[in-house]
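Q: Structure: final-v2.txt, compact mmCIF, N, CA and C atoms and all ligand atoms.
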# COMPACT_ATOMS: atom_id res chain seq x y z
N MET A 1 32.69 -120.26 -83.26
CA MET A 1 31.28 -120.58 -83.56
C MET A 1 30.48 -120.61 -82.24
N ASN A 2 29.34 -120.00 -82.26
CA ASN A 2 28.51 -119.96 -81.05
C ASN A 2 27.82 -121.29 -80.78
N ILE A 3 27.48 -121.46 -79.50
CA ILE A 3 26.82 -122.69 -79.08
C ILE A 3 25.31 -122.49 -79.06
N GLY A 4 24.61 -123.41 -79.64
CA GLY A 4 23.15 -123.41 -79.55
C GLY A 4 22.71 -124.83 -79.80
N ARG A 5 21.76 -125.31 -79.03
CA ARG A 5 21.31 -126.68 -79.30
C ARG A 5 19.82 -126.85 -78.98
N VAL A 6 19.25 -127.85 -79.63
CA VAL A 6 17.83 -128.17 -79.47
C VAL A 6 17.74 -129.68 -79.25
N ILE A 7 17.10 -130.06 -78.16
CA ILE A 7 17.00 -131.49 -77.86
C ILE A 7 15.55 -131.83 -77.49
N GLU A 8 15.00 -132.84 -78.16
CA GLU A 8 13.65 -133.28 -77.78
C GLU A 8 13.75 -134.16 -76.54
N LEU A 9 12.87 -133.91 -75.59
CA LEU A 9 12.90 -134.63 -74.32
C LEU A 9 11.67 -135.52 -74.18
N GLN A 10 11.88 -136.74 -73.78
CA GLN A 10 10.76 -137.60 -73.42
C GLN A 10 10.63 -137.50 -71.90
N LEU A 11 9.66 -136.74 -71.43
CA LEU A 11 9.52 -136.49 -69.99
C LEU A 11 8.94 -137.72 -69.30
N GLN A 12 9.42 -137.93 -68.07
CA GLN A 12 8.97 -139.13 -67.36
C GLN A 12 7.50 -138.98 -66.94
N ARG A 13 6.70 -139.93 -67.31
CA ARG A 13 5.27 -139.90 -67.00
C ARG A 13 4.99 -140.91 -65.89
N HIS A 14 4.33 -140.44 -64.85
CA HIS A 14 3.90 -141.35 -63.79
C HIS A 14 2.43 -141.66 -64.07
N GLY A 15 2.18 -142.85 -64.57
CA GLY A 15 0.81 -143.18 -64.94
C GLY A 15 0.28 -144.34 -64.14
N ASP A 16 -0.99 -144.29 -63.82
CA ASP A 16 -1.67 -145.44 -63.23
C ASP A 16 -3.12 -145.40 -63.66
N ALA A 17 -3.95 -146.18 -63.03
CA ALA A 17 -5.34 -146.29 -63.46
C ALA A 17 -6.07 -144.94 -63.39
N ARG A 18 -5.54 -144.00 -62.57
CA ARG A 18 -6.22 -142.70 -62.41
C ARG A 18 -5.87 -141.72 -63.50
N GLY A 19 -4.74 -141.99 -64.22
CA GLY A 19 -4.32 -141.04 -65.25
C GLY A 19 -2.82 -140.81 -65.21
N SER A 20 -2.39 -139.65 -65.65
CA SER A 20 -0.95 -139.40 -65.82
C SER A 20 -0.51 -138.15 -65.06
N LEU A 21 0.75 -138.15 -64.66
CA LEU A 21 1.34 -137.02 -63.96
C LEU A 21 2.78 -136.86 -64.43
N VAL A 22 3.17 -135.65 -64.76
CA VAL A 22 4.57 -135.37 -65.10
C VAL A 22 5.09 -134.36 -64.07
N ALA A 23 6.22 -134.67 -63.43
CA ALA A 23 6.82 -133.78 -62.44
C ALA A 23 8.15 -133.27 -62.99
N LEU A 24 8.37 -131.97 -62.91
CA LEU A 24 9.59 -131.38 -63.44
C LEU A 24 10.34 -130.66 -62.33
N GLU A 25 11.64 -130.90 -62.24
CA GLU A 25 12.45 -130.24 -61.22
C GLU A 25 13.66 -129.61 -61.89
N GLY A 26 14.01 -128.41 -61.43
CA GLY A 26 15.20 -127.74 -61.94
C GLY A 26 16.45 -128.50 -61.57
N MET A 27 17.49 -128.32 -62.36
CA MET A 27 18.78 -128.98 -62.15
C MET A 27 18.63 -130.50 -62.06
N SER A 28 17.81 -131.03 -62.94
CA SER A 28 17.63 -132.48 -63.01
C SER A 28 18.10 -132.92 -64.40
N GLU A 29 18.03 -134.21 -64.64
CA GLU A 29 18.45 -134.72 -65.95
C GLU A 29 17.58 -134.11 -67.06
N GLN A 30 16.29 -133.90 -66.74
CA GLN A 30 15.37 -133.41 -67.76
C GLN A 30 15.40 -131.89 -67.91
N ILE A 31 15.57 -131.19 -66.80
CA ILE A 31 15.60 -129.71 -66.83
C ILE A 31 16.98 -129.29 -66.32
N PRO A 32 17.97 -129.13 -67.22
CA PRO A 32 19.35 -128.92 -66.78
C PRO A 32 19.68 -127.47 -66.41
N PHE A 33 18.75 -126.81 -65.71
CA PHE A 33 19.00 -125.45 -65.21
C PHE A 33 18.02 -125.16 -64.08
N GLU A 34 18.34 -124.18 -63.25
CA GLU A 34 17.38 -123.73 -62.23
C GLU A 34 16.27 -122.97 -62.95
N VAL A 35 15.05 -123.26 -62.62
CA VAL A 35 13.92 -122.59 -63.27
C VAL A 35 13.64 -121.28 -62.54
N LYS A 36 13.85 -120.16 -63.25
CA LYS A 36 13.61 -118.86 -62.62
C LYS A 36 12.31 -118.21 -63.08
N ARG A 37 11.73 -118.79 -64.15
CA ARG A 37 10.53 -118.15 -64.72
C ARG A 37 9.71 -119.22 -65.43
N VAL A 38 8.40 -119.06 -65.33
CA VAL A 38 7.47 -119.93 -66.07
C VAL A 38 6.48 -119.02 -66.78
N TYR A 39 6.23 -119.29 -68.06
CA TYR A 39 5.17 -118.56 -68.75
C TYR A 39 4.45 -119.52 -69.69
N TYR A 40 3.29 -119.12 -70.14
CA TYR A 40 2.56 -119.99 -71.07
C TYR A 40 1.83 -119.15 -72.11
N ILE A 41 1.70 -119.76 -73.26
CA ILE A 41 1.10 -119.12 -74.43
C ILE A 41 -0.17 -119.90 -74.77
N TYR A 42 -1.28 -119.21 -74.92
CA TYR A 42 -2.55 -119.89 -75.22
C TYR A 42 -3.44 -118.94 -75.99
N ASP A 43 -4.56 -119.44 -76.48
CA ASP A 43 -5.53 -118.61 -77.19
C ASP A 43 -4.88 -117.90 -78.37
N THR A 44 -4.02 -118.63 -79.09
CA THR A 44 -3.30 -118.01 -80.22
C THR A 44 -4.25 -117.79 -81.40
N THR A 45 -4.00 -116.72 -82.10
CA THR A 45 -4.80 -116.41 -83.29
C THR A 45 -4.49 -117.43 -84.38
N PRO A 46 -5.53 -118.00 -85.03
CA PRO A 46 -5.26 -119.01 -86.07
C PRO A 46 -4.29 -118.49 -87.12
N GLY A 47 -3.32 -119.31 -87.49
CA GLY A 47 -2.37 -118.96 -88.54
C GLY A 47 -1.20 -118.10 -88.07
N THR A 48 -1.20 -117.75 -86.79
CA THR A 48 -0.14 -116.86 -86.30
C THR A 48 1.21 -117.58 -86.17
N ILE A 49 2.28 -116.82 -86.35
CA ILE A 49 3.63 -117.33 -86.11
C ILE A 49 4.24 -116.47 -85.00
N ARG A 50 4.63 -117.08 -83.91
CA ARG A 50 5.24 -116.36 -82.78
C ARG A 50 6.75 -116.61 -82.78
N GLY A 51 7.43 -116.00 -81.84
CA GLY A 51 8.88 -116.17 -81.75
C GLY A 51 9.57 -115.25 -82.73
N LYS A 52 10.22 -115.84 -83.73
CA LYS A 52 11.01 -115.07 -84.70
C LYS A 52 12.10 -114.29 -83.98
N HIS A 53 12.81 -114.97 -83.13
CA HIS A 53 13.93 -114.37 -82.43
C HIS A 53 14.85 -115.48 -81.92
N ALA A 54 16.01 -115.05 -81.45
CA ALA A 54 16.93 -115.96 -80.76
C ALA A 54 17.23 -115.36 -79.39
N HIS A 55 17.86 -116.14 -78.55
CA HIS A 55 18.35 -115.64 -77.26
C HIS A 55 19.86 -115.80 -77.22
N LYS A 56 20.51 -114.90 -76.48
CA LYS A 56 21.97 -114.99 -76.37
C LYS A 56 22.36 -116.08 -75.38
N GLU A 57 21.69 -116.12 -74.23
CA GLU A 57 22.09 -117.03 -73.16
C GLU A 57 20.98 -117.93 -72.64
N LEU A 58 19.75 -117.52 -72.82
CA LEU A 58 18.62 -118.18 -72.15
C LEU A 58 18.51 -119.66 -72.51
N LYS A 59 18.18 -120.45 -71.50
CA LYS A 59 17.85 -121.87 -71.72
C LYS A 59 16.37 -122.05 -71.39
N GLN A 60 15.70 -122.83 -72.22
CA GLN A 60 14.27 -123.02 -71.99
C GLN A 60 13.86 -124.45 -72.31
N VAL A 61 12.81 -124.91 -71.63
CA VAL A 61 12.15 -126.16 -72.02
C VAL A 61 10.69 -125.82 -72.35
N LEU A 62 10.28 -126.22 -73.54
CA LEU A 62 8.93 -125.95 -74.02
C LEU A 62 8.12 -127.24 -73.98
N ILE A 63 6.90 -127.14 -73.47
CA ILE A 63 6.01 -128.31 -73.41
C ILE A 63 4.61 -127.85 -73.79
N CYS A 64 4.02 -128.53 -74.75
CA CYS A 64 2.64 -128.19 -75.12
C CYS A 64 1.74 -129.04 -74.23
N ILE A 65 1.27 -128.47 -73.12
CA ILE A 65 0.55 -129.28 -72.12
C ILE A 65 -0.90 -129.53 -72.53
N SER A 66 -1.36 -128.82 -73.55
CA SER A 66 -2.67 -129.11 -74.15
C SER A 66 -2.55 -128.83 -75.64
N GLY A 67 -3.20 -129.63 -76.46
CA GLY A 67 -3.18 -129.40 -77.90
C GLY A 67 -1.81 -129.63 -78.50
N ALA A 68 -1.50 -128.86 -79.54
CA ALA A 68 -0.25 -129.10 -80.28
C ALA A 68 0.22 -127.81 -80.94
N CYS A 69 1.52 -127.74 -81.16
CA CYS A 69 2.09 -126.66 -81.96
C CYS A 69 3.43 -127.14 -82.51
N THR A 70 3.94 -126.41 -83.49
CA THR A 70 5.21 -126.78 -84.11
C THR A 70 6.25 -125.72 -83.78
N ILE A 71 7.46 -126.19 -83.42
CA ILE A 71 8.57 -125.30 -83.12
C ILE A 71 9.63 -125.51 -84.19
N GLU A 72 9.91 -124.46 -84.95
CA GLU A 72 10.95 -124.55 -85.99
C GLU A 72 12.16 -123.78 -85.49
N CYS A 73 13.32 -124.43 -85.58
CA CYS A 73 14.55 -123.84 -85.04
C CYS A 73 15.65 -123.81 -86.09
N GLU A 74 16.45 -122.76 -86.05
CA GLU A 74 17.66 -122.69 -86.87
C GLU A 74 18.85 -122.58 -85.93
N LEU A 75 19.80 -123.46 -86.13
CA LEU A 75 20.99 -123.54 -85.27
C LEU A 75 22.08 -122.61 -85.80
N PRO A 76 23.08 -122.31 -84.97
CA PRO A 76 24.16 -121.41 -85.41
C PRO A 76 24.88 -121.90 -86.67
N ASN A 77 24.90 -123.21 -86.90
CA ASN A 77 25.57 -123.73 -88.11
C ASN A 77 24.66 -123.73 -89.34
N GLY A 78 23.48 -123.16 -89.20
CA GLY A 78 22.54 -123.07 -90.32
C GLY A 78 21.58 -124.24 -90.42
N GLY A 79 21.81 -125.27 -89.61
CA GLY A 79 20.92 -126.44 -89.63
C GLY A 79 19.54 -126.08 -89.12
N LYS A 80 18.52 -126.68 -89.73
CA LYS A 80 17.14 -126.39 -89.34
C LYS A 80 16.46 -127.66 -88.84
N VAL A 81 15.71 -127.52 -87.75
CA VAL A 81 14.97 -128.66 -87.22
C VAL A 81 13.55 -128.20 -86.89
N SER A 82 12.62 -129.13 -87.05
CA SER A 82 11.22 -128.83 -86.76
C SER A 82 10.69 -129.91 -85.81
N HIS A 83 10.02 -129.48 -84.75
CA HIS A 83 9.48 -130.43 -83.78
C HIS A 83 8.00 -130.14 -83.57
N ARG A 84 7.20 -131.17 -83.67
CA ARG A 84 5.78 -131.05 -83.36
C ARG A 84 5.59 -131.45 -81.89
N LEU A 85 5.18 -130.51 -81.07
CA LEU A 85 4.90 -130.81 -79.67
C LEU A 85 3.40 -131.09 -79.57
N ASP A 86 3.06 -132.34 -79.33
CA ASP A 86 1.64 -132.72 -79.40
C ASP A 86 1.19 -133.62 -78.26
N TRP A 87 2.01 -133.65 -77.19
CA TRP A 87 1.63 -134.48 -76.05
C TRP A 87 2.30 -133.90 -74.80
N PRO A 88 1.63 -133.93 -73.65
CA PRO A 88 2.19 -133.27 -72.45
C PRO A 88 3.46 -133.91 -71.89
N ASP A 89 3.84 -135.09 -72.39
CA ASP A 89 5.09 -135.67 -71.89
C ASP A 89 6.25 -135.51 -72.89
N LYS A 90 6.03 -134.61 -73.85
CA LYS A 90 7.10 -134.34 -74.82
C LYS A 90 7.60 -132.90 -74.58
N GLY A 91 8.91 -132.76 -74.41
CA GLY A 91 9.46 -131.42 -74.18
C GLY A 91 10.53 -131.10 -75.21
N LEU A 92 10.86 -129.81 -75.30
CA LEU A 92 11.92 -129.39 -76.21
C LEU A 92 12.85 -128.45 -75.46
N LEU A 93 14.11 -128.88 -75.33
CA LEU A 93 15.12 -128.04 -74.68
C LEU A 93 15.78 -127.17 -75.76
N ILE A 94 15.76 -125.87 -75.54
CA ILE A 94 16.43 -124.95 -76.48
C ILE A 94 17.42 -124.13 -75.67
N GLU A 95 18.68 -124.21 -76.04
CA GLU A 95 19.73 -123.52 -75.31
C GLU A 95 20.49 -122.59 -76.24
N GLY A 96 20.75 -121.39 -75.77
CA GLY A 96 21.66 -120.49 -76.46
C GLY A 96 21.15 -119.97 -77.79
N LEU A 97 22.08 -119.78 -78.70
CA LEU A 97 21.82 -119.05 -79.94
C LEU A 97 21.06 -119.91 -80.95
N VAL A 98 19.73 -119.88 -80.82
CA VAL A 98 18.86 -120.67 -81.71
C VAL A 98 17.71 -119.77 -82.15
N TRP A 99 17.56 -119.60 -83.45
CA TRP A 99 16.42 -118.84 -83.98
C TRP A 99 15.19 -119.74 -83.91
N ARG A 100 14.09 -119.26 -83.29
CA ARG A 100 12.91 -120.13 -83.15
C ARG A 100 11.65 -119.44 -83.61
N GLU A 101 10.79 -120.26 -84.20
CA GLU A 101 9.45 -119.81 -84.59
C GLU A 101 8.46 -120.84 -84.10
N MET A 102 7.34 -120.37 -83.55
CA MET A 102 6.29 -121.28 -83.08
C MET A 102 5.07 -121.06 -83.96
N LYS A 103 4.54 -122.14 -84.51
CA LYS A 103 3.46 -122.00 -85.48
C LYS A 103 2.51 -123.20 -85.42
N ASP A 104 1.49 -123.17 -86.27
CA ASP A 104 0.53 -124.28 -86.38
C ASP A 104 -0.04 -124.69 -85.02
N PHE A 105 -0.45 -123.69 -84.25
CA PHE A 105 -1.08 -123.96 -82.95
C PHE A 105 -2.48 -124.53 -83.17
N SER A 106 -2.80 -125.61 -82.47
CA SER A 106 -4.19 -126.06 -82.48
C SER A 106 -5.00 -125.10 -81.61
N LYS A 107 -6.30 -125.13 -81.78
CA LYS A 107 -7.17 -124.17 -81.07
C LYS A 107 -7.01 -124.28 -79.55
N ASP A 108 -6.77 -125.53 -79.08
CA ASP A 108 -6.69 -125.77 -77.64
C ASP A 108 -5.25 -125.75 -77.11
N ALA A 109 -4.30 -125.25 -77.91
CA ALA A 109 -2.88 -125.34 -77.52
C ALA A 109 -2.55 -124.44 -76.32
N VAL A 110 -1.84 -125.02 -75.38
CA VAL A 110 -1.26 -124.25 -74.26
C VAL A 110 0.22 -124.64 -74.23
N LEU A 111 1.07 -123.69 -74.59
CA LEU A 111 2.52 -123.95 -74.65
C LEU A 111 3.14 -123.40 -73.37
N LEU A 112 3.60 -124.33 -72.53
CA LEU A 112 4.23 -123.98 -71.25
C LEU A 112 5.74 -123.88 -71.46
N VAL A 113 6.36 -122.85 -70.89
CA VAL A 113 7.81 -122.67 -71.05
C VAL A 113 8.46 -122.48 -69.68
N LEU A 114 9.48 -123.28 -69.41
CA LEU A 114 10.31 -123.12 -68.21
C LEU A 114 11.59 -122.43 -68.65
N ALA A 115 11.96 -121.36 -67.97
CA ALA A 115 13.11 -120.56 -68.42
C ALA A 115 14.16 -120.44 -67.33
N SER A 116 15.42 -120.34 -67.77
CA SER A 116 16.55 -120.32 -66.82
C SER A 116 16.80 -118.94 -66.21
N GLU A 117 16.19 -117.90 -66.80
CA GLU A 117 16.45 -116.53 -66.32
C GLU A 117 15.15 -115.74 -66.25
N HIS A 118 15.18 -114.67 -65.47
CA HIS A 118 14.06 -113.74 -65.47
C HIS A 118 13.98 -113.06 -66.84
N TYR A 119 12.86 -112.47 -67.11
CA TYR A 119 12.65 -111.79 -68.40
C TYR A 119 13.66 -110.66 -68.56
N ASP A 120 14.34 -110.66 -69.71
CA ASP A 120 15.35 -109.63 -69.98
C ASP A 120 15.37 -109.37 -71.49
N GLU A 121 14.80 -108.25 -71.89
CA GLU A 121 14.72 -107.95 -73.33
C GLU A 121 16.12 -107.87 -73.95
N ALA A 122 17.14 -107.55 -73.14
CA ALA A 122 18.51 -107.42 -73.67
C ALA A 122 19.07 -108.77 -74.13
N ASP A 123 18.45 -109.86 -73.70
CA ASP A 123 18.93 -111.19 -74.11
C ASP A 123 18.35 -111.62 -75.46
N TYR A 124 17.39 -110.85 -75.98
CA TYR A 124 16.74 -111.22 -77.24
C TYR A 124 17.54 -110.71 -78.44
N ILE A 125 17.57 -111.50 -79.50
CA ILE A 125 18.01 -111.02 -80.82
C ILE A 125 16.79 -111.14 -81.71
N ARG A 126 16.18 -110.02 -82.02
CA ARG A 126 14.92 -110.06 -82.77
C ARG A 126 15.13 -109.79 -84.26
N ASP A 127 16.35 -109.45 -84.64
CA ASP A 127 16.66 -109.17 -86.04
C ASP A 127 17.40 -110.38 -86.64
N TYR A 128 16.84 -110.96 -87.70
CA TYR A 128 17.41 -112.19 -88.26
C TYR A 128 18.84 -111.97 -88.77
N ASN A 129 19.09 -110.83 -89.41
CA ASN A 129 20.45 -110.55 -89.91
C ASN A 129 21.45 -110.46 -88.76
N GLN A 130 20.99 -109.88 -87.65
CA GLN A 130 21.85 -109.80 -86.46
C GLN A 130 22.15 -111.20 -85.93
N PHE A 131 21.14 -112.06 -85.94
CA PHE A 131 21.32 -113.45 -85.52
C PHE A 131 22.41 -114.12 -86.36
N LYS A 132 22.32 -113.96 -87.69
CA LYS A 132 23.30 -114.60 -88.58
C LYS A 132 24.71 -114.06 -88.31
N LYS A 133 24.81 -112.77 -87.99
CA LYS A 133 26.14 -112.19 -87.65
C LYS A 133 26.68 -112.79 -86.37
N GLU A 134 25.78 -112.94 -85.36
CA GLU A 134 26.22 -113.50 -84.08
C GLU A 134 26.70 -114.95 -84.24
N CYS A 135 26.11 -115.65 -85.21
CA CYS A 135 26.43 -117.07 -85.40
C CYS A 135 27.89 -117.28 -85.84
N VAL A 136 28.48 -116.30 -86.49
CA VAL A 136 29.84 -116.50 -87.00
C VAL A 136 30.88 -115.84 -86.10
N LYS A 137 30.45 -115.28 -84.97
CA LYS A 137 31.43 -114.65 -84.07
C LYS A 137 32.26 -115.70 -83.36
C1 LIG A 201 10.61 -117.55 -76.47
C2 LIG A 201 9.33 -118.09 -77.01
C3 LIG A 201 9.27 -119.58 -76.97
C4 LIG A 201 7.03 -110.51 -70.59
O1 LIG A 201 6.69 -109.41 -70.12
N1 LIG A 201 7.63 -111.44 -69.81
C5 LIG A 201 8.00 -112.66 -70.28
O2 LIG A 201 8.53 -113.49 -69.50
C6 LIG A 201 7.79 -112.95 -71.67
C7 LIG A 201 8.21 -114.29 -72.23
C8 LIG A 201 7.19 -112.01 -72.44
N2 LIG A 201 6.81 -110.80 -71.92
C9 LIG A 201 6.15 -109.82 -72.77
C10 LIG A 201 7.02 -109.22 -73.86
C11 LIG A 201 6.04 -108.91 -74.97
O3 LIG A 201 5.47 -107.65 -74.77
O4 LIG A 201 5.07 -110.47 -73.46
C12 LIG A 201 4.94 -109.97 -74.78
C13 LIG A 201 5.02 -111.10 -75.80
O5 LIG A 201 6.36 -111.62 -75.83
P1 LIG A 201 7.05 -112.19 -77.17
O6 LIG A 201 6.57 -111.42 -78.32
O7 LIG A 201 8.52 -112.24 -76.94
O8 LIG A 201 6.44 -113.66 -77.21
P2 LIG A 201 6.80 -114.87 -78.19
O9 LIG A 201 5.68 -115.84 -78.06
O10 LIG A 201 7.16 -114.40 -79.53
O11 LIG A 201 8.14 -115.51 -77.54
C14 LIG A 201 8.10 -116.13 -76.26
C15 LIG A 201 9.30 -115.67 -75.41
O12 LIG A 201 9.34 -114.23 -75.37
C16 LIG A 201 10.62 -116.16 -75.95
O13 LIG A 201 11.62 -116.01 -74.95
O14 LIG A 201 11.65 -118.17 -76.61
O15 LIG A 201 8.15 -117.54 -76.39
Show me, as C-alpha cells, the structure contained in the file I just sent.
Ligand code: T46

A:
Amino acid sequence: MNIGRVIELQLQRHGDARGSLVALEGMSEQIPFEVKRVYYIYDTTPGTIRGKHAHKELKQVLICISGACTIECELPNGGKVSHRLDWPDKGLLIEGLVWREMKDFSKDAVLLVLASEHYDEADYIRDYNQFKKECVK
C-alpha cells in the first residue's frame, strides 16, 4: 500500500500589539522538508475547482494567506478529508500519493504553497483511474 498523508498544521504566530507574523523554515517541525519551490494561486474564477491530481513523491504545505479555500483530499486507502483553510496561521501538509482538489475560493483568496521539489510534470498523476491503480501497488 502506498504512503500518503494529510496533516493540518497550526503554524506558530508571533503576535504583539503591532499585529501578527508567521515565519516558516524548511526542515523544521512545521515544514518537514527543504523548500525548493514556492508558488501561489490567486484571482481564481468563481466556482472553479483546481487540482484534480495526485503526486507520486512531492511534499507540500498549503496556506491560504488571504481569504479562504477548501482542500479536499483522498488518501491511498480511500479515506476522504476536507479542510477549510481560512486563516494565515493554518497550514495543510500533503505528502505523497494523495488526490487533491481545491475549491470554494473566496474572491480574495491567495493560496501559498511550499513544495519539496522543483516543478516536474512527471511527478503528477492527473488521471483518477491511474491514481486508484497506484494506490493498490
Ligand atoms: C498542487 C496544487 C495544490 C508551473 O509551470 N510551475 C509550477 O510550479 C506549477 C505548480 C505549475 N506550473 C504550470 C503548469 C500549468 O501549466 O502552471 C499551470 C497550472 O498548473 P496546475 O494546473 O497544475 O495547477 P493546480 O492549481 O491545479 O495545481 C497546483 C500544483 O500544480 C499542484 O502541484 O498540488 O496546486

Q: Could you tell me, counting only N, CA and C atoms and all ligand atoms, which protein and nucleic acid residues lie no more than 8 Å from ligand LIG 201 (chain A), written as JSON, numbers by chain?

A: {"A": [37, 38, 39, 40, 41, 49, 50, 51, 52, 53, 54, 55, 58, 60, 61, 62, 100, 101, 102, 112, 113, 117, 118, 119, 120, 121, 124]}

Q: Can you measure atom C of A:Gln12 to atom C of A:Cys64 for me? One decimal in Å is fine.

A: 13.6 Å

Q: What does the structure give for the distance between atom N of A:Ser82 and atom CA of A:Gly47, in Å to one decimal?

A: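 Here the two named atoms are 18.2 Å from each other.
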
Q: Enumerate, as a list in words, the complete set of residues in stretch 34-136 of chain A that a backbone-based DSSP assignment places in alpha helix (DSSP H).

A: Tyr128, Asn129, Gln130, Phe131, Lys132, Lys133, Glu134 and Cys135 of chain A

Q: From the options A:Thr44, A:Gln130, A:Ser66, A:Ser28, which residue's atoms come nearest to A:Trp87, counting all atoms listed in the file?

A: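 Answer, going by the shortest atom-to-atom distance: A:Ser66.
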
Q: By how many Å are atom CA of A:Leu75 and atom CA of A:Leu24 apart?

A: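 Straight-line distance from atom CA of A:Leu75 to atom CA of A:Leu24 works out to 25.8 Å.
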
Q: Of the residues A:Ile63, A:Ile125, A:Met27, A:Ala68, which is the one nearest to A:Leu92, using all atoms listed in the file?

A: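 That would be A:Ile63, the residue with the smallest distance to A:Leu92.
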
Q: Hey, what does DSSP flag as strand (DSSP E or B) within chain A? Can you give it to me as a PyMOL selection string?

A: chain A and resi 4-10+13-16+19-22+37-42+50-55+59-66+69-74+80-85+90-96+99-103+110-115+124-125

Q: Excluding A:Val22 and residues on its chain fewer than 4 positions from it, collect all residues at most 7 Å away from it, counting all atoms listed in the file, and give them as a PyMOL selection string.

A: chain A and resi 11-14+89

Q: Give the answer as one residue: which of A:Glu8, A:Trp99, A:Cys73, A:Gly67 has the shortest atom-to-atom distance to A:Leu85, using only N, CA and C atoms?

A: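 Under the stated criterion, the closest residue is A:Gly67.
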
Q: Reconstruct all heavy atoms of stretch 31-37 of chain A from the incomplete input and present them as a compact mmCIF listing (two decimals), in the frame of the given file.

A:
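Output file rebuild.txt follows:
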# COMPACT_ATOMS: atom_id res chain seq x y z
N ILE A 31 15.57 -131.19 -66.80
CA ILE A 31 15.60 -129.71 -66.83
C ILE A 31 16.98 -129.29 -66.32
O ILE A 31 17.17 -129.11 -65.10
CB ILE A 31 14.49 -129.10 -65.94
CG1 ILE A 31 13.13 -129.78 -66.18
CG2 ILE A 31 14.42 -127.59 -66.18
CD1 ILE A 31 12.51 -129.52 -67.52
N PRO A 32 17.97 -129.13 -67.22
CA PRO A 32 19.35 -128.92 -66.78
C PRO A 32 19.68 -127.47 -66.41
O PRO A 32 20.74 -126.95 -66.75
CB PRO A 32 20.17 -129.39 -67.99
CG PRO A 32 19.31 -129.06 -69.15
CD PRO A 32 17.88 -129.23 -68.69
N PHE A 33 18.75 -126.81 -65.71
CA PHE A 33 19.00 -125.45 -65.21
C PHE A 33 18.02 -125.16 -64.08
O PHE A 33 16.99 -125.86 -63.96
CB PHE A 33 18.85 -124.41 -66.33
CG PHE A 33 17.56 -124.49 -67.12
CD1 PHE A 33 16.38 -123.93 -66.65
CD2 PHE A 33 17.51 -125.16 -68.35
CE1 PHE A 33 15.20 -124.01 -67.37
CE2 PHE A 33 16.32 -125.25 -69.07
CZ PHE A 33 15.17 -124.66 -68.58
N GLU A 34 18.34 -124.18 -63.25
CA GLU A 34 17.38 -123.73 -62.23
C GLU A 34 16.27 -122.97 -62.95
O GLU A 34 16.55 -122.13 -63.80
CB GLU A 34 18.06 -122.79 -61.22
CG GLU A 34 19.02 -123.48 -60.26
CD GLU A 34 18.32 -124.42 -59.27
OE1 GLU A 34 17.08 -124.57 -59.33
OE2 GLU A 34 19.03 -125.01 -58.46
N VAL A 35 15.05 -123.26 -62.62
CA VAL A 35 13.92 -122.59 -63.27
C VAL A 35 13.64 -121.28 -62.54
O VAL A 35 13.28 -121.27 -61.37
CB VAL A 35 12.67 -123.50 -63.25
CG1 VAL A 35 11.48 -122.78 -63.89
CG2 VAL A 35 12.96 -124.81 -63.98
N LYS A 36 13.85 -120.16 -63.25
CA LYS A 36 13.61 -118.86 -62.62
C LYS A 36 12.31 -118.21 -63.08
O LYS A 36 11.87 -117.22 -62.53
CB LYS A 36 14.76 -117.90 -62.96
CG LYS A 36 16.06 -118.23 -62.28
CD LYS A 36 16.99 -117.04 -62.31
CE LYS A 36 18.32 -117.39 -61.66
NZ LYS A 36 19.37 -116.47 -62.12
N ARG A 37 11.73 -118.79 -64.15
CA ARG A 37 10.53 -118.15 -64.72
C ARG A 37 9.71 -119.22 -65.43
O ARG A 37 10.27 -120.13 -66.04
CB ARG A 37 10.97 -117.06 -65.70
CG ARG A 37 9.86 -116.33 -66.42
CD ARG A 37 10.42 -115.06 -67.08
NE ARG A 37 11.58 -115.36 -67.90
CZ ARG A 37 11.60 -115.32 -69.24
NH1 ARG A 37 10.53 -114.96 -69.90
NH2 ARG A 37 12.70 -115.62 -69.91
